[in-house]
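Q: Okay, here's the structure, questions in a sec.
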Amino acid sequence: MIRHIASLILLGLLPISALAQPQRVAVAKTTSPAAAFAARSPTATKFEVLPANAELHTSDVILALPGATLESKTGAVAVTSLADYDKRSPLPILETALILNPPEKDIDLAFQLDRGRVDITNKKARGSAVVKVVHREKKWTIKLEDPGARVAIEVCGRWPAGSRFKLVNPKRSEKLAEPVASLVLLVLKGSAQVEIGGTAFGMSAPPGPSILEWDSLAGAPQQPKKLTALPDWADPTANLTPDAKKLVAAIEKFRALRAEKPADAIKQFLDSSDPVEQRVAIVTLGATDDLVSLGKALIEAKSLEEWDFGITVLRHWIGRAPGQDQRFYQHLTTARGYTPTEAKIIMQLLFGFSAEELKSPETYEVLIDYLAHEKPGIRNLAVWHLIRLVPQGKTIPYKPNGTLTDAVKAQEAWKKLVPTGELPPPPKK
């Protein structure tokens with residue numbers, strides 16, 4: 001049993017905290033329909049879909065669909081998960097996950113925001129509400145001054161292009177390389193006092209000092225920036241595009257199906273002919289750490305578009321926290337049967353290339369050589385890069401679930417488009 005738990009921890013499917021089995025305390029409840037939330041306790045390996053009005057416990061990883069709302073047990077604070085339907089947000093948001101922390105004196109709600117976007121609202125009839133948000137060990141204490149005051153926070157992790165994958169040996173106590181973490185805090189309504197690292201900022205909704213931006217490279221923010229109006233991504237009255245409305249409808253359809261038949265919802269959406277529904281399923285696989293099913297979905301992708309989005313989700317997965325890259329490498333070499341060399345190739349392809357590397361013909365030669373690799377995952381990732389770097393190559397036929405013979409035919413066409421020793425031709429105007 002101990003060996004089984006250790007293996008799950010190594011693969012990232014069970015947090016290290018599972019060994020300690022911390023006491024779980026109910027500190028909040030859901031206020032959204034059934035299946036808007038899913039949760040995984042520290043000792044569990046899978047997420048459980050939650051019913052309506054479910055209690056939410058400390059230490060659990062809580063996943064929220066866009067629009068899902070929870071309230072602190074006292075009703076003082078509401079937290080709503082939101083999505084970037086039209087890709088207007090400053091950070092790429094796919095899903096929201098948080099972990100509720102134990103109660104603290106003078107704090108109405110404390111939680112770790114692992115990824116995604118939440119809007120936090122003071123629900124008190126009178127007085128201020130205080131929320132503590134933790135991300136990457138940074139603590140943001142937010143005092144919502146008045147009833148109805150509201151702030152938006154979104155966080156995201158990513159590996160900068162050109163990062164190098166390095167396998168870490170845990171026995172040598174080697175330091176993990178960390179993806180860059182970014183955070184944006186925006187006051188949407190009323191005023192708030194925000195304290196980080198011993199420095200407090202007075203903020204208010206536009207027009208006023210409304211937005212703070214932080215990342216793990218630049219360090220603590222200096223001063224909030226003034227805005228004359230809410231940006232489009234944060235304005236609740238902004239009109240959604242037709243594509244965004246389709247996504248909203250698909251998410252609600254998924255929630256309703258998951259509430260009725262939890263085991264069938266993802267499969268039905270993966271098998272759908274609607275690309276929007278496919279995307280909802282693929283995001284869910286990544287959000288719930290179901291790497292086996294995510295890998296299967298990529299192998300069986302019916303189109304380049306489905307494969308393309310699956311890679312986006314996978315890159316998001318390995319960048320969302322320190323150690324995710326190590327866990328995915330272990331998954332490749334244990335569950336997927338890749339050799340260490342092949343797994344390192346995949347990891348580096350997921351990390352991408354620096355601007356300097358993209359100026360070298362050798363980069364394109366390597367990618368085109370990978371098109372004839374015996375492992376579909378490697379040749380598919382090579383195409384994923386090539387069609388971004390060389391837009392003219394989008395016309396070259398390629399099937400993510402095709403045979404090696406099909407891939408070799410595509411390779412011949414790519415060699416004609418980008419001859420050995422040359423850079424890609426400039427795109428047509």
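By convention here, the chains of the structure tokens are called A, B, ... in the order presented, each chain's residues are numbered starting at 1, and ligands are numbered starting at 1 in the order presented.
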Report as a ChimeraX atom specification all protein, DNA and RNA residues lying within 10 Å of A:Leu349, evaluated on only C-alpha atoms, omitting residues in the same chain fewer than 6 positions from it.
A: /A:162,164-165,315,343,367,378,381-382,384-385
Q: Based on the selection just made, write C-alpha atoms of those residues as a PDB file, in the first residue's frame.
A:
ATOM      1  CA  GLY A 162      13.205  28.070 -25.099  1.00  0.00           C
ATOM      2  CA  ARG A 164      15.347  23.530 -21.219  1.00  0.00           C
ATOM      3  CA  PHE A 165      13.928  20.393 -19.666  1.00  0.00           C
ATOM      4  CA  ARG A 315       1.463  22.550 -22.218  1.00  0.00           C
ATOM      5  CA  ALA A 343      10.511  11.209 -23.214  1.00  0.00           C
ATOM      6  CA  LEU A 367      11.514  19.174 -36.615  1.00  0.00           C
ATOM      7  CA  ILE A 378       6.960  12.890 -31.391  1.00  0.00           C
ATOM      8  CA  LEU A 381       4.460  17.461 -31.822  1.00  0.00           C
ATOM      9  CA  ALA A 382       6.898  18.296 -34.613  1.00  0.00           C
ATOM     10  CA  TRP A 384       2.369  21.153 -34.130  1.00  0.00           C
ATOM     11  CA  HIS A 385       5.425  23.430 -34.148  1.00  0.00           C
TER      12      HIS A 385
END
Q: Would you kindly return, as an NGL selection string, each protein, DNA or RNA residue with an atom no farther than 6 Å from any atom of A:Gly319, considering only C-alpha atoms and excluding same-chain residues fewer than 6 positions away?
A: :A and (157-159 or 179)
Q: Find the residue from A:Ile93, A:Ala78, A:Ser128, A:Leu100 that sits nearest to A:Ser41; use only C-alpha atoms when measuring.
A: A:Leu100
Q: State, in Å with one decimal place, the distance from atom CA of A:Lys267 to atom CA of A:Ser59.
A: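 Answer for the atom CA of A:Lys267 to atom CA of A:Ser59 separation: 28.8 Å.
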Q: How would you write, as a count of residues only, the set of residues in stretch 122-341 of chain A that DSSP gives as helix (DSSP H, G or I)?
A: 85
Q: Please provide the set of residues having any atom within 7 Å of stretch 286-297 of chain A, restricted to only C-alpha atoms, with same-chain residues fewer than 4 positions apart removed, written as a PyMOL selection string.
A: chain A and resi 13+47+95+282+301+313-314+317
Q: Could you tell me which of A:Val248, A:Ala149, A:Val194, A:Leu183 comes closest to A:Gly219 if we count only C-alpha atoms?
A: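 For A:Gly219, the nearest of the candidates is A:Leu183.
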Q: Of the candidates A:Val130, A:Gly337, A:Asp308, A:Pro170, which one gets nearest to A:Asp106 if we count only C-alpha atoms?
A: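 That would be A:Val130, the residue with the smallest distance to A:Asp106.
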